[in-house]
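A short write-up of the structure that comes next.
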Amino acid sequence: MDHLLAEAVQRLNTHVRPDVVVIPGDLIENPEDLELLQSVKDVLDRLNCPYLVLPGNHDPVREVFYSIFPDPGPQRDVAGIRFLCFVDPEAAGHCATRPANGIERMHRCREDGFEGVVIALQHVAVMPPGAIRSPHRYTNTIEVLAAMERSRIDLAIGGHVHFASKLIQSGRSRCLSAGKLGEPPHPYTLIKLDSDSLSSCTEFLVNE
């Protein structure tokens, strides 16, 4: 993976030139391999733009993870976009649950008058029921989607299932399940935002 990640960073820096990069977790397989996690950070630090990273269920616990990576905190404004960052408790079957304080944080995300794009980041993808064929989901998906609608959250980004990237409409919001860079054909997802539209496409490091 070292060379694939380095190639991705190089391509982003040279050709894509994004405003921000987000990585929704599972950077390593063994949560005890902190040396490998540090090496991943060393490569990501070569990005010419800010990046936000969340721990996945294969990564160390939050406190250890953010002793290596910078903690984005519960909310971060980057390039005119407001990111809500969630490290939610794991539920049975590698699912997740958004607790009441997380739902409340969604409801408050525009209370300061912010009118720009709001994106929720989490490891487990938030998807409408039946949108993807995976048992890994939020145990309170309906509540999370309702909070997105009420709070005018434009997009939820997650990963975890390792399927091909998929963008789904849910009311006024959209939900993205990002593919896994570490599995062929090694995808990464580009998201384009402008004042009245949101689109995504998937590019590959290796076409097989």
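We name chains A, B, ... following the order of the structure tokens; residues begin at 1 in each chain, and ligands are numbered from 1 as shown.
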Env of Gly159 of chain A: 8 Å cut, atoms = only C-alpha atoms, seq-sep filter 5 positions within chain, self excluded. Answer as a ChimeraX atom specification. /A:24-25,122-125,177-180
Write a file of the just-selected residues containing C-alpha atoms, as a compact mmCIF listing (two decimals), in the first residue's frame.
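Below is the file that was written, result-v8.txt:
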# COMPACT_ATOMS: atom_id res chain seq x y z
CA PRO A 24 -12.95 8.11 6.64
CA GLY A 25 -10.92 5.47 8.46
CA GLN A 122 -18.01 9.25 9.74
CA HIS A 123 -16.41 5.85 9.28
CA VAL A 124 -19.57 3.79 8.74
CA ALA A 125 -21.45 5.06 5.70
CA SER A 177 -20.11 5.37 0.49
CA ALA A 178 -16.47 5.67 -0.56
CA GLY A 179 -14.52 2.76 -2.04
CA LYS A 180 -11.34 1.33 -0.54
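Those residues of segment 17-80 of chain A that DSSP, working from the backbone, places in alpha helix (DSSP H) are Leu34, Glu35, Leu36, Leu37, Gln38, Ser39, Val40, Lys41, Asp42, Val43, Leu44, Arg62, Glu63, Val64 and Phe65 of chain A.
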Quick one: residues within 10 Å of Ala6 of chain A, only C-alpha atoms, excluding same-chain residues fewer than 4 positions away - as a PyMOL selection string? chain A and resi 1-2+10-12+40+42-44+46-47
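The two atoms in question, atom CA of Gly102 of chain A and atom CA of Phe86 of chain A, are spaced 7.5 Å apart.
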All residues 10 Å or closer to Glu32 of chain A, only C-alpha atoms, same chain fewer than 5 positions away omitted, as a list of chain:residue names: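 The neighbour list is A:Leu37, A:His58, A:Asp59, A:Pro60, A:Val61, A:Val64.
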Using only C-alpha atoms, pick whichever of A:Glu183, A:Glu7, A:Glu104, A:Glu149 has the shortest atom-to-atom distance to Ser170 of chain A.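 Among A:Glu183, A:Glu7, A:Glu104, A:Glu149, it is A:Glu149 that comes nearest to Ser170 of chain A.
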When you look at segment 196-202 of chain A with a cut-off of 8 Å (counting only C-alpha atoms), what residues show up, excluding the ones that are within fewer than 3 positions of it in the same chain? I need them as a ChimeraX atom specification. /A:165,167,187-193
If DSSP is run on the backbone, what residues of segment 92-164 of chain A are strand (DSSP E)? A reply as JSON, numbers by chain would be ideal. {"A": [95, 96, 118, 119, 120, 121, 122, 123, 124, 155, 156, 157, 158, 159]}
Rank A:Leu4, A:Ile81, A:Met127, A:Ile68 by their smallest atom-to-atom distance to Glu143 of chain A, using only C-alpha atoms, and report the top residue only.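 Closest candidate: A:Met127.
Among A:Arg150, A:Arg76, A:His160, A:His15, the residue with the shortest atom-to-atom distance to Met106 of chain A, counting only C-alpha atoms, is A:Arg150.
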Expressed in Å to a single decimal, how great is the separation between atom CA of Arg137 of chain A and atom CA of Asp88 of chain A? 11.8 Å
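Proximity to Tyr66 of chain A at 12 Å, evaluated using only C-alpha atoms and with sequence-adjacent residues fewer than 3 positions away removed, yields Leu34, Leu37, Gln38, Lys41, Leu52, Val53, Leu54, Pro55, Asp59, Pro60, Val61, Arg62, Glu63, Phe69, Pro70, Asp71, Pro72, Gly73 and Val87 of chain A.
Taking atom CA of Val126 of chain A and atom CA of Tyr51 of chain A as the two end points, the separation is 20.7 Å.
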